[in-house]
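Everything below concerns the one structure shown next.
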Amino acid sequence: MDWSRYRFRSLWSLPASPETVYAVLERPEDYPRWWPQVRTVTRLDDTTGVLTIRSVLPYEMSFTARRTRHDPAAGILEIAMSGDITGWARWTVTADGAGTLARYDQVVDVHKPLLRRLAVPGRPLFRANHRLMMAAGRRGLLRYLEAV
């Protein structure tokens, strides 16, 4: 097992239409407005940007995100990542009753040297850190959707 490889899945039930949720999620440059752990997003071009994130633990991670799939009809947004983490992430947005289910899947390898050295003893903390980041993202998106 590669202790620096992570597979995550988060499910966000949201009280807005899939079209509205998709429209927000397809604009990563706005993520810092509603997701506190997404510290900066710098667009490089129409499909690529650099993101810096930090959750509860005292470390930042920066990576380049390149859009690999943008399919509004299927509700899919997917990126490839390189930098402190490499891999992919995908939002899948579907109708869920009167609202939306936003499913986030991610498979990444961590390359940040300190996190690689702490991979075995730190793994439970790193996974908890990710869960906290995702929970805060959902809360922030709920507030953001209420305002739009």
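Going through the structure tokens in order, the chains are called A, B, and so on, while each chain numbers its residues from 1 and the ligands are numbered from 1 in the order shown.
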
Can you list, as a ChimeraX atom specification, all residues belonging to chain A that DSSP tags as strand (DSSP E or B)? /A:5-14,38-43,48-53,61-71,76-83,85-96,99-110

Can you list, as a VMD selection string, every residue of region 31-98 of chain A that DSSP puts in helix (DSSP H, G or I)? chain A and resid 31 to 34

Within 12 Å of Val21 (chain A) using only C-alpha atoms, minus same-chain residues under 6 positions, as a ChimeraX atom specification: /A:12-15,27,72,75-77,91-96,99-103,138,141-142,144-146,148

Restricting the calculation to only C-alpha atoms, which member of A:Ser17, A:Thr42, A:Ser55, A:Ser10 is positioned closest to Met133 (chain A)? A:Ser55

Let me make sure I understand: among A:Val24, A:Ala147, A:Val41, A:Ile85, which one has the smallest atom-to-atom distance to Met61 (chain A) if we use only C-alpha atoms?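 Checking each of A:Val24, A:Ala147, A:Val41, A:Ile85 against Met61 (chain A), counting only C-alpha atoms, the winner is A:Ile85.
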
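Nearest residue to Val107 (chain A) among A:Ala136, A:Ala73, A:Leu51, A:Ala89 is A:Ala89, counting only C-alpha atoms.
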
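Proximity to Asp71 (chain A) was assessed for A:Arg90, A:Phe126, A:Leu11, A:Asp109 counting only C-alpha atoms; the smallest distance is recorded for A:Arg90.
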
Given only C-alpha atoms as the basis, pick out the residue of A:Val50, A:Val110, A:Pro32, A:Arg67 nearest to Gly87 (chain A). A:Val110

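With CA of Arg123 (chain A) on one side and CA of Arg139 (chain A) on the other, the separation reads 24.5 Å.
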
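Counting from CA of Ala23 (chain A), the distance to CA of Ile53 (chain A) is 21.3 Å.
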
Which residues of region 75-134 of chain A come within 12 Å of region 36-40 of chain A, and for each one, what is the closest pair of atoms and their distance in Å to one decimal, counting only C-alpha atoms, sorted by chain and residue number, as JSON lines?
```
{"residue": "A:Asn129", "atom": "CA", "partner": "A:Gln37", "partner_atom": "CA", "distance": 10.6}
{"residue": "A:His130", "atom": "CA", "partner": "A:Gln37", "partner_atom": "CA", "distance": 10.1}
{"residue": "A:Arg131", "atom": "CA", "partner": "A:Gln37", "partner_atom": "CA", "distance": 11.7}
{"residue": "A:Leu132", "atom": "CA", "partner": "A:Gln37", "partner_atom": "CA", "distance": 9.5}
{"residue": "A:Met133", "atom": "CA", "partner": "A:Gln37", "partner_atom": "CA", "distance": 6.3}
{"residue": "A:Met134", "atom": "CA", "partner": "A:Gln37", "partner_atom": "CA", "distance": 8.9}
```

Gap from CA of Pro124 (chain A) to CA of Ala80 (chain A) - Å, one decimal: 24.6 Å

Residues within 7 Å of Arg66 (chain A), only C-alpha atoms, excluding chain neighbours under 3 positions, as a PDB file with N, CA, C and O atoms, in the first residue's frame:
```pdb
ATOM      1  N   THR A  47      -8.746  26.834 -18.900  1.00  0.00           N
ATOM      2  CA  THR A  47      -8.914  25.482 -18.365  1.00  0.00           C
ATOM      3  C   THR A  47      -7.965  25.132 -17.227  1.00  0.00           C
ATOM      4  O   THR A  47      -8.022  24.025 -16.708  1.00  0.00           O
ATOM      5  N   THR A  48      -7.105  26.080 -16.836  1.00  0.00           N
ATOM      6  CA  THR A  48      -6.058  25.766 -15.871  1.00  0.00           C
ATOM      7  C   THR A  48      -5.936  26.871 -14.830  1.00  0.00           C
ATOM      8  O   THR A  48      -6.060  28.056 -15.146  1.00  0.00           O
ATOM      9  N   GLY A  49      -5.660  26.466 -13.595  1.00  0.00           N
ATOM     10  CA  GLY A  49      -5.439  27.426 -12.527  1.00  0.00           C
ATOM     11  C   GLY A  49      -4.586  26.810 -11.429  1.00  0.00           C
ATOM     12  O   GLY A  49      -4.391  25.596 -11.382  1.00  0.00           O
ATOM     13  N   ILE A  79     -11.103  17.485 -12.958  1.00  0.00           N
ATOM     14  CA  ILE A  79      -9.794  18.108 -13.120  1.00  0.00           C
ATOM     15  C   ILE A  79      -8.686  17.083 -12.916  1.00  0.00           C
ATOM     16  O   ILE A  79      -8.872  16.077 -12.232  1.00  0.00           O
ATOM     17  N   ALA A  80      -7.537  17.377 -13.505  1.00  0.00           N
ATOM     18  CA  ALA A  80      -6.288  16.678 -13.207  1.00  0.00           C
ATOM     19  C   ALA A  80      -5.461  17.639 -12.363  1.00  0.00           C
ATOM     20  O   ALA A  80      -5.476  18.855 -12.597  1.00  0.00           O
ATOM     21  N   MET A  81      -4.754  17.107 -11.380  1.00  0.00           N
ATOM     22  CA  MET A  81      -3.972  17.936 -10.463  1.00  0.00           C
ATOM     23  C   MET A  81      -2.499  17.549 -10.514  1.00  0.00           C
ATOM     24  O   MET A  81      -2.175  16.368 -10.628  1.00  0.00           O
TER      25      MET A  81
END
```

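Distances from A:Arg7, A:Leu25, A:Phe63, A:His70 to His111 (chain A) were compared using only C-alpha atoms, and the smallest one belongs to A:Phe63.
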